[in-house]
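Colleague: Data: upload.txt, compact mmCIF, C-alpha atoms and all ligand atoms.
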# COMPACT_ATOMS: atom_id res chain seq x y z
CA MET A 1 308.79 -20.69 175.99
CA PRO A 2 310.29 -22.87 178.74
CA ILE A 3 311.50 -26.22 177.47
CA THR A 4 308.89 -28.98 177.55
CA PRO A 5 308.98 -32.50 179.02
CA GLN A 6 308.95 -33.70 175.40
CA GLN A 7 312.16 -31.78 174.66
CA ALA A 8 313.73 -33.13 177.87
CA ALA A 9 312.81 -36.66 176.71
CA GLU A 10 314.44 -35.97 173.35
CA PHE A 11 317.59 -34.87 175.19
CA GLU A 12 317.52 -38.14 177.16
CA ALA A 13 317.19 -40.04 173.88
CA VAL A 14 320.29 -38.34 172.47
CA LEU A 15 322.25 -39.11 175.66
CA ALA A 16 321.20 -42.75 175.49
CA ARG A 17 323.04 -43.16 172.18
CA THR A 18 326.02 -40.88 172.93
CA ARG A 19 329.43 -42.55 172.94
CA LYS A 20 331.58 -39.44 173.34
CA ALA A 21 330.45 -35.85 173.73
CA VAL A 22 332.19 -32.54 173.21
CA VAL A 23 330.84 -29.62 175.24
CA THR A 24 331.51 -26.05 174.13
CA THR A 25 330.39 -22.44 174.47
CA HIS A 26 331.16 -18.98 173.09
CA MET A 27 334.42 -17.01 172.89
CA ASN A 28 334.97 -14.27 175.49
CA PRO A 29 333.17 -16.44 178.05
CA ASP A 30 331.00 -15.06 180.81
CA GLY A 31 329.59 -16.75 183.90
CA ASP A 32 326.69 -18.25 181.95
CA ALA A 33 329.00 -19.68 179.28
CA PHE A 34 331.50 -21.42 181.57
CA GLY A 35 328.83 -22.05 184.24
CA SER A 36 326.62 -23.95 181.80
CA ALA A 37 329.52 -25.81 180.15
CA LEU A 38 330.91 -26.99 183.51
CA ALA A 39 327.49 -27.88 184.95
CA MET A 40 326.92 -29.98 181.82
CA SER A 41 330.35 -31.59 182.27
CA PHE A 42 329.61 -32.59 185.89
CA PHE A 43 326.22 -33.92 184.76
CA LEU A 44 327.82 -36.04 182.00
CA ASP A 45 330.32 -37.38 184.57
CA ARG A 46 327.47 -38.61 186.71
CA ARG A 47 325.84 -40.17 183.65
CA GLY A 48 329.10 -41.95 182.87
CA ILE A 49 329.32 -40.28 179.46
CA ASP A 50 332.85 -39.79 178.22
CA HIS A 51 333.31 -36.16 177.20
CA GLU A 52 335.65 -33.19 176.94
CA VAL A 53 335.03 -29.46 177.33
CA VAL A 54 336.62 -27.62 174.42
CA HIS A 55 336.83 -23.84 174.28
CA HIS A 56 338.35 -21.29 171.94
CA ASP A 57 340.10 -18.89 174.30
CA GLY A 58 342.64 -21.00 176.19
CA HIS A 59 342.35 -18.62 179.10
CA THR A 60 339.95 -18.35 182.04
CA PRO A 61 338.90 -14.77 182.89
CA PHE A 62 339.95 -13.75 186.39
CA THR A 63 336.33 -13.51 187.62
CA LEU A 64 335.57 -17.11 186.57
CA LYS A 65 338.64 -18.80 188.06
CA PHE A 66 336.69 -19.79 191.17
CA LEU A 67 334.29 -22.02 189.20
CA PRO A 68 334.60 -25.69 190.09
CA GLY A 69 336.00 -27.68 187.18
CA VAL A 70 337.62 -24.85 185.17
CA GLU A 71 340.73 -27.02 184.79
CA ARG A 72 338.65 -29.32 182.54
CA ILE A 73 338.50 -26.72 179.77
CA HIS A 74 340.97 -27.19 176.90
CA GLN A 75 341.39 -25.68 173.47
CA THR A 76 341.53 -28.97 171.58
CA TRP A 77 339.86 -32.38 171.53
CA ARG A 78 342.42 -34.76 173.06
CA ASP A 79 340.90 -38.22 172.61
CA SER A 80 342.02 -40.29 169.62
CA GLU A 81 338.39 -41.22 169.01
CA GLU A 82 336.16 -38.44 167.63
CA PRO A 83 333.01 -37.29 169.50
CA ASP A 84 329.61 -38.26 168.09
CA VAL A 85 327.58 -35.60 169.96
CA ALA A 86 328.33 -31.90 170.44
CA ILE A 87 326.58 -30.01 173.23
CA VAL A 88 326.75 -26.31 172.42
CA LEU A 89 325.77 -23.85 175.13
CA ASP A 90 324.81 -20.18 175.38
CA LEU A 91 325.02 -19.26 171.70
CA ASN A 92 322.90 -19.50 168.58
CA ASN A 93 325.48 -18.54 165.98
CA LEU A 94 328.25 -21.11 165.55
CA ASP A 95 330.74 -18.40 164.52
CA ARG A 96 330.75 -17.37 168.16
CA ILE A 97 332.49 -20.62 169.07
CA GLY A 98 335.55 -19.21 167.31
CA MET A 99 337.99 -20.82 164.90
CA PRO A 100 339.20 -23.52 164.60
CA GLN A 101 336.91 -25.00 167.29
CA SER A 102 333.73 -24.07 165.35
CA GLU A 103 335.05 -26.02 162.33
CA PHE A 104 335.68 -29.03 164.57
CA ILE A 105 332.19 -28.84 166.13
CA ALA A 106 330.65 -28.70 162.64
CA THR A 107 332.15 -32.15 161.88
CA VAL A 108 330.38 -33.81 164.85
CA PRO A 109 327.38 -35.87 163.60
CA THR A 110 324.79 -34.75 166.19
CA MET A 111 324.50 -31.32 167.78
CA VAL A 112 322.41 -30.40 170.83
CA LEU A 113 322.12 -26.64 171.25
CA ILE A 114 320.93 -25.12 174.54
CA ASP A 115 320.54 -21.34 174.56
CA HIS A 116 318.50 -18.26 175.43
CA HIS A 117 319.51 -15.80 172.68
CA VAL A 118 317.06 -14.70 169.98
CA PRO A 119 318.02 -16.98 167.08
CA HIS A 120 318.55 -15.68 163.60
CA GLN A 121 320.14 -18.95 162.55
CA SER A 122 318.94 -22.38 163.72
CA PRO A 123 321.97 -24.62 164.16
CA GLY A 124 321.57 -27.93 165.99
CA ASP A 125 319.71 -31.23 165.56
CA LEU A 126 318.07 -30.84 168.95
CA ARG A 127 317.47 -27.22 169.95
CA LEU A 128 316.53 -26.39 173.53
CA VAL A 129 316.09 -22.66 173.10
CA ASP A 130 314.11 -20.44 175.44
CA THR A 131 314.48 -16.76 174.58
CA SER A 132 312.38 -15.78 177.60
CA SER A 133 314.94 -17.31 179.96
CA PRO A 134 317.51 -14.96 181.51
CA ALA A 135 320.30 -17.57 181.42
CA THR A 136 321.32 -20.78 179.73
CA CYS A 137 322.12 -22.02 183.24
CA LEU A 138 318.45 -21.59 184.18
CA ILE A 139 317.39 -23.67 181.14
CA LEU A 140 319.89 -26.36 182.22
CA PHE A 141 318.54 -26.28 185.77
CA GLU A 142 315.01 -26.84 184.42
CA LEU A 143 316.26 -29.57 182.06
CA PHE A 144 318.04 -31.40 184.90
CA LYS A 145 314.87 -31.21 187.00
CA HIS A 146 312.75 -32.55 184.11
CA ILE A 147 314.98 -35.59 183.76
CA GLY A 148 315.39 -36.11 187.50
CA ALA A 149 319.16 -35.57 187.49
CA LYS A 150 320.79 -35.03 190.87
CA ILE A 151 322.30 -31.55 191.18
CA THR A 152 325.56 -31.72 193.14
CA PRO A 153 327.00 -28.70 195.02
CA GLU A 154 329.52 -28.18 192.15
CA MET A 155 326.73 -28.19 189.57
CA ALA A 156 324.64 -25.86 191.76
CA THR A 157 327.57 -23.41 191.99
CA CYS A 158 328.10 -23.43 188.22
CA LEU A 159 324.37 -23.01 187.47
CA LEU A 160 323.85 -20.24 190.00
CA THR A 161 326.90 -18.37 188.66
CA GLY A 162 325.29 -18.19 185.22
CA ILE A 163 321.97 -17.03 186.66
CA VAL A 164 323.64 -14.41 188.88
CA THR A 165 325.91 -13.01 186.16
CA ASP A 166 323.39 -12.97 183.28
CA THR A 167 320.84 -11.13 185.44
CA GLY A 168 323.51 -8.77 186.82
CA SER A 169 322.76 -10.10 190.32
CA PHE A 170 319.01 -9.92 189.69
CA ARG A 171 319.17 -6.24 188.65
CA TYR A 172 318.47 -6.47 184.89
CA GLY A 173 315.02 -6.45 183.33
CA ASN A 174 315.45 -10.12 182.31
CA THR A 175 315.19 -11.21 185.96
CA THR A 176 312.21 -13.53 186.44
CA THR A 177 310.60 -15.16 189.45
CA ALA A 178 311.83 -18.48 188.03
CA ALA A 179 315.40 -17.14 188.26
CA VAL A 180 314.95 -16.02 191.86
CA GLU A 181 313.30 -19.32 192.81
CA ALA A 182 316.08 -21.27 191.10
CA ALA A 183 318.61 -19.23 193.09
CA ALA A 184 316.92 -20.27 196.33
CA GLU A 185 316.83 -23.93 195.29
CA LEU A 186 320.43 -23.91 194.10
CA SER A 187 321.50 -22.32 197.40
CA GLU A 188 319.74 -25.18 199.18
CA LEU A 189 321.63 -27.59 196.95
CA GLY A 190 324.98 -26.21 198.04
CA ALA A 191 325.76 -23.10 195.96
CA ASP A 192 327.14 -20.18 197.97
CA ILE A 193 325.35 -17.13 196.54
CA VAL A 194 327.44 -14.62 198.53
CA LYS A 195 330.72 -16.14 197.33
CA ILE A 196 329.46 -16.22 193.72
CA SER A 197 328.41 -12.55 193.84
CA GLN A 198 331.66 -11.50 195.49
CA GLU A 199 333.85 -13.42 193.04
CA SER A 200 331.85 -12.12 190.07
CA TYR A 201 331.47 -8.47 191.07
CA MET A 202 333.59 -7.48 194.03
CA LYS A 203 337.01 -8.82 193.10
CA LYS A 204 338.51 -7.49 189.94
CA GLU A 205 342.03 -6.94 188.75
CA LEU A 206 343.50 -3.43 188.88
CA ALA A 207 343.54 -3.39 185.05
CA SER A 208 339.72 -3.43 185.01
CA THR A 209 339.50 -0.35 187.21
CA LEU A 210 342.22 1.49 185.27
CA LEU A 211 340.46 0.69 181.96
CA LEU A 212 337.17 1.88 183.45
CA GLY A 213 338.90 5.17 184.29
CA THR A 214 340.10 5.58 180.70
CA GLY A 215 336.68 4.64 179.35
CA LEU A 216 334.90 7.18 181.56
CA HIS A 217 337.48 9.85 180.74
CA LYS A 218 336.89 9.36 176.99
CA MET A 219 333.10 9.09 177.26
CA HIS A 220 330.86 10.91 174.79
CA LEU A 221 327.41 11.98 175.92
CA GLU A 222 324.93 13.17 173.30
CA GLU A 223 321.19 13.35 172.56
CA ASN A 224 320.42 15.21 175.79
CA GLY A 225 322.46 12.74 177.78
CA GLN A 226 320.51 9.75 176.46
CA LEU A 227 323.35 8.21 174.44
CA ALA A 228 326.73 7.45 176.02
CA TRP A 229 329.64 5.76 174.35
CA THR A 230 333.36 5.38 174.59
CA VAL A 231 336.07 4.04 172.31
CA LEU A 232 339.04 2.10 173.66
CA ASP A 233 341.90 1.41 171.28
CA SER A 234 345.00 -0.74 171.68
CA PRO A 235 347.07 1.97 173.41
CA ASP A 236 344.24 2.47 175.92
CA PHE A 237 344.36 -1.24 176.79
CA GLU A 238 348.15 -1.21 176.96
CA GLY A 239 348.13 1.87 179.19
CA ALA A 240 345.87 0.09 181.68
CA GLY A 241 347.71 -3.24 181.36
CA ALA A 242 344.35 -4.60 180.27
CA SER A 243 343.03 -7.24 177.88
CA GLU A 244 339.57 -7.99 176.43
CA GLU A 245 338.16 -9.46 179.67
CA HIS A 246 338.87 -6.24 181.60
CA ALA A 247 336.32 -4.35 179.47
CA GLU A 248 333.52 -6.53 180.89
CA GLY A 249 331.02 -4.41 182.80
CA LEU A 250 332.14 -1.09 181.35
CA THR A 251 329.07 -0.63 179.15
CA ASN A 252 326.82 -1.08 182.17
CA GLU A 253 328.75 1.66 183.97
CA LEU A 254 327.83 4.08 181.16
CA LEU A 255 324.22 2.90 181.20
CA SER A 256 323.99 3.46 184.95
CA ILE A 257 324.00 7.26 184.42
CA ASN A 258 320.37 8.23 185.07
CA THR A 259 319.79 10.07 181.76
CA VAL A 260 321.39 7.40 179.58
CA GLN A 261 319.05 5.13 177.61
CA ILE A 262 321.61 3.48 175.30
CA ALA A 263 325.32 2.91 176.00
CA ALA A 264 328.07 1.42 173.87
CA VAL A 265 331.73 0.54 174.27
CA ILE A 266 333.69 0.16 171.05
CA ARG A 267 336.98 -1.54 171.74
CA GLN A 268 340.01 -3.10 170.16
CA PRO A 269 342.43 -4.81 172.56
CA PRO A 270 345.91 -5.49 171.12
CA GLY A 271 345.77 -8.32 168.59
CA ARG A 272 342.02 -8.80 169.01
CA LYS A 273 339.01 -8.01 166.86
CA LEU A 274 337.25 -4.67 166.92
CA ARG A 275 334.02 -5.20 168.85
CA ALA A 276 331.17 -3.26 170.36
CA SER A 277 329.11 -4.01 173.46
CA ILE A 278 325.74 -2.29 173.55
CA ARG A 279 323.32 -1.98 176.46
CA SER A 280 319.94 -0.26 176.70
CA ARG A 281 317.04 0.46 178.98
CA GLU A 282 313.85 -1.54 178.57
CA GLN A 283 312.12 -0.02 175.52
CA TYR A 284 315.16 0.19 173.23
CA ASP A 285 316.00 -2.91 171.19
CA VAL A 286 319.75 -2.82 170.64
CA SER A 287 319.94 -6.43 169.40
CA ALA A 288 318.32 -5.13 166.19
CA VAL A 289 321.15 -2.59 165.87
CA ALA A 290 323.79 -5.29 166.54
CA ARG A 291 322.23 -7.44 163.82
CA LEU A 292 322.79 -4.64 161.28
CA PHE A 293 326.51 -5.27 161.91
CA ASN A 294 326.18 -9.09 161.82
CA GLY A 295 326.07 -9.31 165.61
CA GLY A 296 323.21 -10.12 167.93
CA GLY A 297 322.29 -10.81 171.53
CA HIS A 298 319.31 -9.77 173.60
CA LYS A 299 316.99 -6.76 173.36
CA ASN A 300 318.88 -4.86 176.07
CA ALA A 301 322.37 -6.43 175.79
CA ALA A 302 323.95 -7.04 172.43
CA GLY A 303 327.27 -7.05 170.66
CA CYS A 304 328.92 -7.13 167.26
CA THR A 305 332.29 -7.35 165.55
CA PHE A 306 333.58 -4.93 162.90
CA THR A 307 336.03 -5.42 160.07
CA SER A 308 336.26 -1.67 159.36
CA SER A 309 338.49 0.91 161.04
CA ILE A 310 337.69 2.11 164.56
CA GLN A 311 336.65 5.53 163.20
CA GLU A 312 334.24 4.02 160.65
CA ALA A 313 332.81 1.59 163.19
CA GLU A 314 332.19 4.41 165.66
CA ARG A 315 330.57 6.63 163.03
CA ASP A 316 328.33 3.86 161.61
CA LEU A 317 327.29 2.46 164.99
CA ILE A 318 326.48 5.84 166.50
CA VAL A 319 324.28 6.75 163.50
CA GLU A 320 322.26 3.56 164.05
CA LEU A 321 322.08 3.99 167.83
CA LYS A 322 320.73 7.51 167.35
CA LYS A 323 318.08 6.12 164.97
CA CYS A 324 317.19 3.46 167.55
CA LEU A 325 316.84 6.12 170.22
CA ALA A 326 314.65 8.29 167.95
CA SER A 327 312.39 5.47 166.72
CA SER A 328 311.76 4.08 170.20
CA THR A 329 311.16 7.59 171.52
CA SER A 330 308.56 8.31 168.83
CA THR A 331 306.97 4.85 169.32
CA SER A 332 306.64 5.37 173.06
CA ARG A 333 305.22 8.86 172.50
CA LYS A 334 302.61 7.42 170.12
CA ALA A 335 301.71 4.68 172.60
P1 LIG B 1 328.77 -8.54 175.40
O1 LIG B 1 328.55 -7.10 175.17
O2 LIG B 1 328.70 -8.88 176.86
O3 LIG B 1 329.97 -9.09 174.71
O4 LIG B 1 327.53 -9.28 174.74
C1 LIG B 1 326.22 -8.94 175.07
C2 LIG B 1 325.26 -9.94 174.49
O5 LIG B 1 325.31 -9.91 173.07
C3 LIG B 1 325.59 -11.35 174.90
O6 LIG B 1 324.37 -12.02 175.14
C4 LIG B 1 326.27 -11.93 173.72
O7 LIG B 1 325.95 -13.28 173.62
C5 LIG B 1 325.70 -11.14 172.54
N1 LIG B 1 326.73 -10.91 171.53
C6 LIG B 1 327.89 -10.24 171.71
N2 LIG B 1 328.61 -10.21 170.57
C7 LIG B 1 327.90 -10.89 169.65
C8 LIG B 1 328.12 -11.21 168.28
O8 LIG B 1 329.14 -10.86 167.67
N3 LIG B 1 327.15 -11.95 167.66
C9 LIG B 1 326.02 -12.35 168.32
N4 LIG B 1 325.11 -13.06 167.64
N5 LIG B 1 325.78 -12.04 169.59
C10 LIG B 1 326.70 -11.33 170.27
MN MN B 2 323.83 -16.37 178.62
Represent the structure contained in this file as structure tokens.
Modeller:
Amino acid sequence: MPITPQQAAEFEAVLARTRKAVVTTHMNPDGDAFGSALAMSFFLDRRGIDHEVVHHDGHTPFTLKFLPGVERIHQTWRDSEEPDVAIVLDLNNLDRIGMPQSEFIATVPTMVLIDHHVPHQSPGDLRLVDTSSPATCLILFELFKHIGAKITPEMATCLLTGIVTDTGSFRYGNTTTAAVEAAAELSELGADIVKISQESYMKKELASTLLLGTGLHKMHLEENGQLAWTVLDSPDFEGAGASEEHAEGLTNELLSINTVQIAAVIRQPPGRKLRASIRSREQYDVSAVARLFNGGGHKNAAGCTFTSSIQEAERDLIVELKKCLASSTSTSRKA
């Protein structure tokens, strides 16, 4: 459900008593994460609310470096006075903030959470959650309109980046007319949609393309071509000169094969956690599979982290993905 005027008024009420705010979002940021955090930061500036943007990674992915305001993002809270309000964006599971930042956020007295993921926990004192929305940036856009906030060209660029990237440039099934209309309005307000799309999709580092090559070379295709997956280990990343961010988009490449219904990339960059990204076509709910491994996400785009070995993770995940494929196939046949 879209957020209501009542919820927007509650947000205003929190702002009215905020002394200092900390804004944060999830690890391994995407355009919606940094786009929403920076749009919120510019908004708080205009409101005259003292704040800092704190983020786990300490590194801006290449494709997000063009965002206005990225230099505001730091790993630690710098002010001597502690924040009294935390604004948490684009996540519903505080673990995804990453340590030690998640521990710090948990000490802040009031938390506002703005998100579009299906919640299986309910953190936050004020929750502006719309699971039907394709992007947190779209929820923010609607929130800013509800409260009559002026949207500057910088804010418009940040918001449109989140909408463009979370809908895959309006190609994914989560694309709504509200998203397309917002894109038109944000363009009017000064966001350059061509630049955003080019920066997000048409300029990547060589390491991304080399890692894609390795991923495609190692691809498995089973279940009559309906299930595709690949496993990238540390040496694969090293061979491509790649890090975690360069795996972004790879799962969608596997899913773009016409027979493929479910695709997964299991990966472990050097020194990082073992994770899987899962993508599916409309009728297959891969967020349910991710939840089996303590992950989550959306019906057609989900992820999880493993503590087991790569071999065990691959075996266990593929068993569940095959079950998902079979159950959805039998459901759709019955229907
Ligand atoms: P990605 O594959 O791009 O990392 O993530 C796809 C979607 O699943 C994103 O919406 C992301 O927020 C969600 N997701 C990825 N990893 C996790 C996880 O470990 N836990 C939860 N709850 N969601 C995740
Ligand atoms: Mn998002």
Colleague: Hey, which residues come within 6 Å of ligand MN 2 (chain B) if we count all atoms listed in the file? Could you give them as a list in words?
Modeller: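 Written in the requested form, the residues are Asp32, Asp90, Ala135, Thr136 and Asp166 of chain A.
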Colleague: When you draw a straight line from atom CA of Glu154 of chain A to atom CA of Ser197 of chain A, how long is it in Å?
Modeller: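 Going from atom CA of Glu154 of chain A over to atom CA of Ser197 of chain A, I get 15.8 Å.
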Colleague: Compile the contact shell of Val112 of chain A as a ChimeraX atom specification: residues with an atom at most 7 Å away, counting all atoms listed in the file, same-chain residues fewer than 3 positions apart removed.
Modeller: /A:86-88,124-127
Colleague: Give me, as a tab-separated table, the closest atom pair and its distance (Å, one decimal) for every residue of chain A within a cut-off of 7 Å of ligand LIG 1 (chain B), counting all atoms listed in the file, rows sorted by chain and rising number.
Modeller:
residue	atom	partner	partner_atom	distance
A:Leu91	CA	B:LIG1	O7	6.3
A:Asn92	CA	B:LIG1	N4	6.9
A:Asn93	CA	B:LIG1	N4	5.7
A:Arg96	CA	B:LIG1	N3	6.5
A:His117	CA	B:LIG1	O6	6.6
A:Glu248	CA	B:LIG1	O2	6.7
A:Ala276	CA	B:LIG1	O1	6.7
A:Ser277	CA	B:LIG1	O1	3.6
A:Ile278	CA	B:LIG1	O1	5.8
A:Asn294	CA	B:LIG1	N3	6.6
A:Gly295	CA	B:LIG1	N3	3.5
A:Gly296	CA	B:LIG1	N4	3.5
A:Gly297	CA	B:LIG1	O5	3.5
A:His298	CA	B:LIG1	O6	5.7
A:Ala301	CA	B:LIG1	C1	4.7
A:Ala302	CA	B:LIG1	O5	3.2
A:Gly303	CA	B:LIG1	C6	3.4
A:Cys304	CA	B:LIG1	O8	3.8
A:Thr305	CA	B:LIG1	O8	5.2
Colleague: Just the residues within 12 Å of Glu71 of chain A, please, counting all atoms listed in the file, with nothing from its chain fewer than 6 positions along; format it as JSON, numbers by chain.
Modeller: {"A": [34, 38, 41, 52, 53, 54, 55, 58, 59, 60, 64, 65]}
Colleague: I'd like to know which of A:Cys324, A:Gln75, A:Met27, A:Val231 is closest to Glu312 of chain A, using all atoms listed in the file.
Modeller: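 Of A:Cys324, A:Gln75, A:Met27, A:Val231, the one nearest Glu312 of chain A, counting all atoms listed in the file, is A:Val231.
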Colleague: Neighbouring residues of Arg281 of chain A were defined as those with any atom within 7 Å, considering only C-alpha atoms; residues of the same chain fewer than 5 positions away were excluded. Please report them as a PyMOL selection string.
Modeller: chain A and resi 261-262+300
Colleague: Which residue is closest to Ala39 of chain A? Choose from A:Ala13, A:Leu67, A:Val265, A:Leu159 and count only C-alpha atoms.
Modeller: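 Closest residue, counting only C-alpha atoms: A:Leu159.
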Colleague: From the options A:Arg267, A:Ile147, A:Ile257, A:Glu205, which residue's atoms come nearest to Ala9 of chain A, counting all atoms listed in the file?
Modeller: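 Of the candidates, the smallest distance to Ala9 of chain A is held by A:Ile147.
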Colleague: Return the single residue from A:Pro134, A:Phe141, A:Val108, A:Pro119 that is closest to Ser36 of chain A, with distances computed using all atoms listed in the file.
Modeller: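 Checking each of A:Pro134, A:Phe141, A:Val108, A:Pro119 against Ser36 of chain A, counting all atoms listed in the file, the winner is A:Phe141.
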Colleague: Mind giving me the straight-line distance from atom CA of Ser133 of chain A to atom CA of Leu254 of chain A in Å, one decimal?
Modeller: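 It comes out at 25.0 Å.
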